[in-house]
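Worksheet: the structure to be examined is printed underneath.
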Amino acid sequence: MPTKKKSSSGSSPKSKRIVRNKMKKTMHEYKHHELESGRSGKKVKNPKQAIAIGLSEARQSGANIPANPRKKSASKKKSASKRSASKKSSGGTSRKSASRKRANKKTTARRSGAKKSTAKRR
């Protein structure tokens with residue numbers, strides 16, 4: 001018995017219809033220089049940004065669209081960095097490398113030097 005293939009962009013026909021209509025409207029606005037980004041209200045100049053806006057609007061209106069698989073969420077990044085830090089550290093304490101310590105000293109010296117020079121000018 002043959003099985004049906006699942007589509008990648010939303011499972012239900014309703015989701016597909018919502019996505020199609022929102023994307024059609026968004027791309028029309030983009031082409032006619034009417035599409036504006038979020039709070040800033042600037043005109044959108046990049047087609048990828050227009051697509052992202054269209055998908056976002058479709059999600060808000062109830063379409064079942066999966067998140068971008070290439071984009072990692074912040075929680076995954078944090079847990080991955082914690083795992084790598086725990087592997088690197090020995091005995092439960094994390095140690096900075098010598099080059100990292102030197103770089104940190106340089107940046108703090110630069111900051112304090114910048115503060116002194118601005119104080120002299122006044």
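Each chain in the structure tokens gets a letter, A, B and so on, in the order shown; residues start at 1 in every chain, and ligands are counted from 1 in the order they appear.
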(request) Write out as a list in words the residues lying within 7 Å of Ala50 (chain A), counting only C-alpha atoms and excluding same-chain residues fewer than 6 positions away. (result) Thr26, Met27, Tyr30 and Val44 of chain A
(request) List every residue of region 10-89 of chain A that DSSP, applied to the backbone of this structure, places in helix (DSSP H, G or I), and write the result as number ranges by chain. (result) A: 13-31, 47-60, 74-88
(request) Would you kindly return, as a VMD selection string, each protein, DNA or RNA residue with an atom no farther than 12 Å from any atom of Asn46 (chain A), considering only C-alpha atoms and excluding same-chain residues fewer than 6 positions away? (result) chain A and resid 27 30 to 31 33 35 to 37 52 to 53
Can you write just those residues out, N, CA and C atoms, as a PDB file, in the first residue's frame?
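Generated file (again18.pdb):
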ATOM      1  N   MET A  27       5.272  40.027  -0.745  1.00  0.00           N
ATOM      2  CA  MET A  27       6.154  40.235  -1.894  1.00  0.00           C
ATOM      3  C   MET A  27       5.619  41.344  -2.802  1.00  0.00           C
ATOM      4  N   TYR A  30       6.707  44.442  -1.142  1.00  0.00           N
ATOM      5  CA  TYR A  30       8.160  44.597  -1.302  1.00  0.00           C
ATOM      6  C   TYR A  30       8.491  45.152  -2.689  1.00  0.00           C
ATOM      7  N   LYS A  31       7.857  44.603  -3.709  1.00  0.00           N
ATOM      8  CA  LYS A  31       8.145  45.020  -5.091  1.00  0.00           C
ATOM      9  C   LYS A  31       7.727  46.460  -5.348  1.00  0.00           C
ATOM     10  N   HIS A  33       7.780  48.813  -3.065  1.00  0.00           N
ATOM     11  CA  HIS A  33       8.464  49.644  -2.056  1.00  0.00           C
ATOM     12  C   HIS A  33       7.513  50.154  -0.975  1.00  0.00           C
ATOM     13  N   LEU A  35       6.733  47.859   1.710  1.00  0.00           N
ATOM     14  CA  LEU A  35       6.957  47.000   2.864  1.00  0.00           C
ATOM     15  C   LEU A  35       7.928  47.655   3.830  1.00  0.00           C
ATOM     16  N   GLU A  36       7.526  47.713   5.099  1.00  0.00           N
ATOM     17  CA  GLU A  36       8.353  48.324   6.134  1.00  0.00           C
ATOM     18  C   GLU A  36       8.679  47.275   7.190  1.00  0.00           C
ATOM     19  N   SER A  37       9.871  47.411   7.781  1.00  0.00           N
ATOM     20  CA  SER A  37      10.272  46.474   8.818  1.00  0.00           C
ATOM     21  C   SER A  37       9.691  46.897  10.153  1.00  0.00           C
ATOM     22  N   ALA A  52      11.246  36.630   5.171  1.00  0.00           N
ATOM     23  CA  ALA A  52      11.178  36.392   6.616  1.00  0.00           C
ATOM     24  C   ALA A  52       9.964  37.087   7.230  1.00  0.00           C
ATOM     25  N   ILE A  53       9.680  38.287   6.771  1.00  0.00           N
ATOM     26  CA  ILE A  53       8.515  39.016   7.276  1.00  0.00           C
ATOM     27  C   ILE A  53       7.230  38.283   6.899  1.00  0.00           C
TER      28      ILE A  53
END
(message) Just the number, please: distance in Å from CA of Lys42 (chain A) to CA of Ala58 (chain A), one decimal.
(response)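 CA of Ala58 (chain A) lies 20.7 Å from CA of Lys42 (chain A).
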With region 60-76 of chain A as the partner and 9 Å as the cut-off, tabulate the residues of region 17-55 of chain A that qualify, each row holding the nearest pair of atoms and their distance in Å to one decimal, using only C-alpha atoms, sorted by chain and rising number, as JSON lines.
{"residue": "A:Arg17", "atom": "CA", "partner": "A:Ala63", "partner_atom": "CA", "distance": 8.6}
{"residue": "A:Ile18", "atom": "CA", "partner": "A:Ala63", "partner_atom": "CA", "distance": 6.1}
{"residue": "A:Val19", "atom": "CA", "partner": "A:Ala63", "partner_atom": "CA", "distance": 6.7}
{"residue": "A:Leu55", "atom": "CA", "partner": "A:Ile65", "partner_atom": "CA", "distance": 7.8}
Those selected residues, please, written with N, CA and C atoms and delivered as a PDB file, in the first residue's frame.
ATOM      1  N   ARG A  17      -2.448  27.524   2.495  1.00  0.00           N
ATOM      2  CA  ARG A  17      -3.220  28.650   1.965  1.00  0.00           C
ATOM      3  C   ARG A  17      -2.842  29.951   2.676  1.00  0.00           C
ATOM      4  N   ILE A  18      -2.689  29.879   3.989  1.00  0.00           N
ATOM      5  CA  ILE A  18      -2.300  31.063   4.755  1.00  0.00           C
ATOM      6  C   ILE A  18      -0.930  31.552   4.307  1.00  0.00           C
ATOM      7  N   VAL A  19       0.006  30.626   4.188  1.00  0.00           N
ATOM      8  CA  VAL A  19       1.369  30.986   3.780  1.00  0.00           C
ATOM      9  C   VAL A  19       1.359  31.609   2.392  1.00  0.00           C
ATOM     10  N   LEU A  55       6.809  35.048   6.278  1.00  0.00           N
ATOM     11  CA  LEU A  55       6.685  33.821   7.069  1.00  0.00           C
ATOM     12  C   LEU A  55       6.280  34.141   8.506  1.00  0.00           C
TER      13      LEU A  55
END
(request) Would you mind reading off the distance between CA of Lys16 (chain A) and CA of Gly41 (chain A), one decimal, in Å? (result)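 Calculated distance between CA of Lys16 (chain A) and CA of Gly41 (chain A) is 28.1 Å.
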(request) Could you tell me how far CA of Glu57 (chain A) lies from CA of Ser11 (chain A), in Å and to one decimal? (result) 17.5 Å
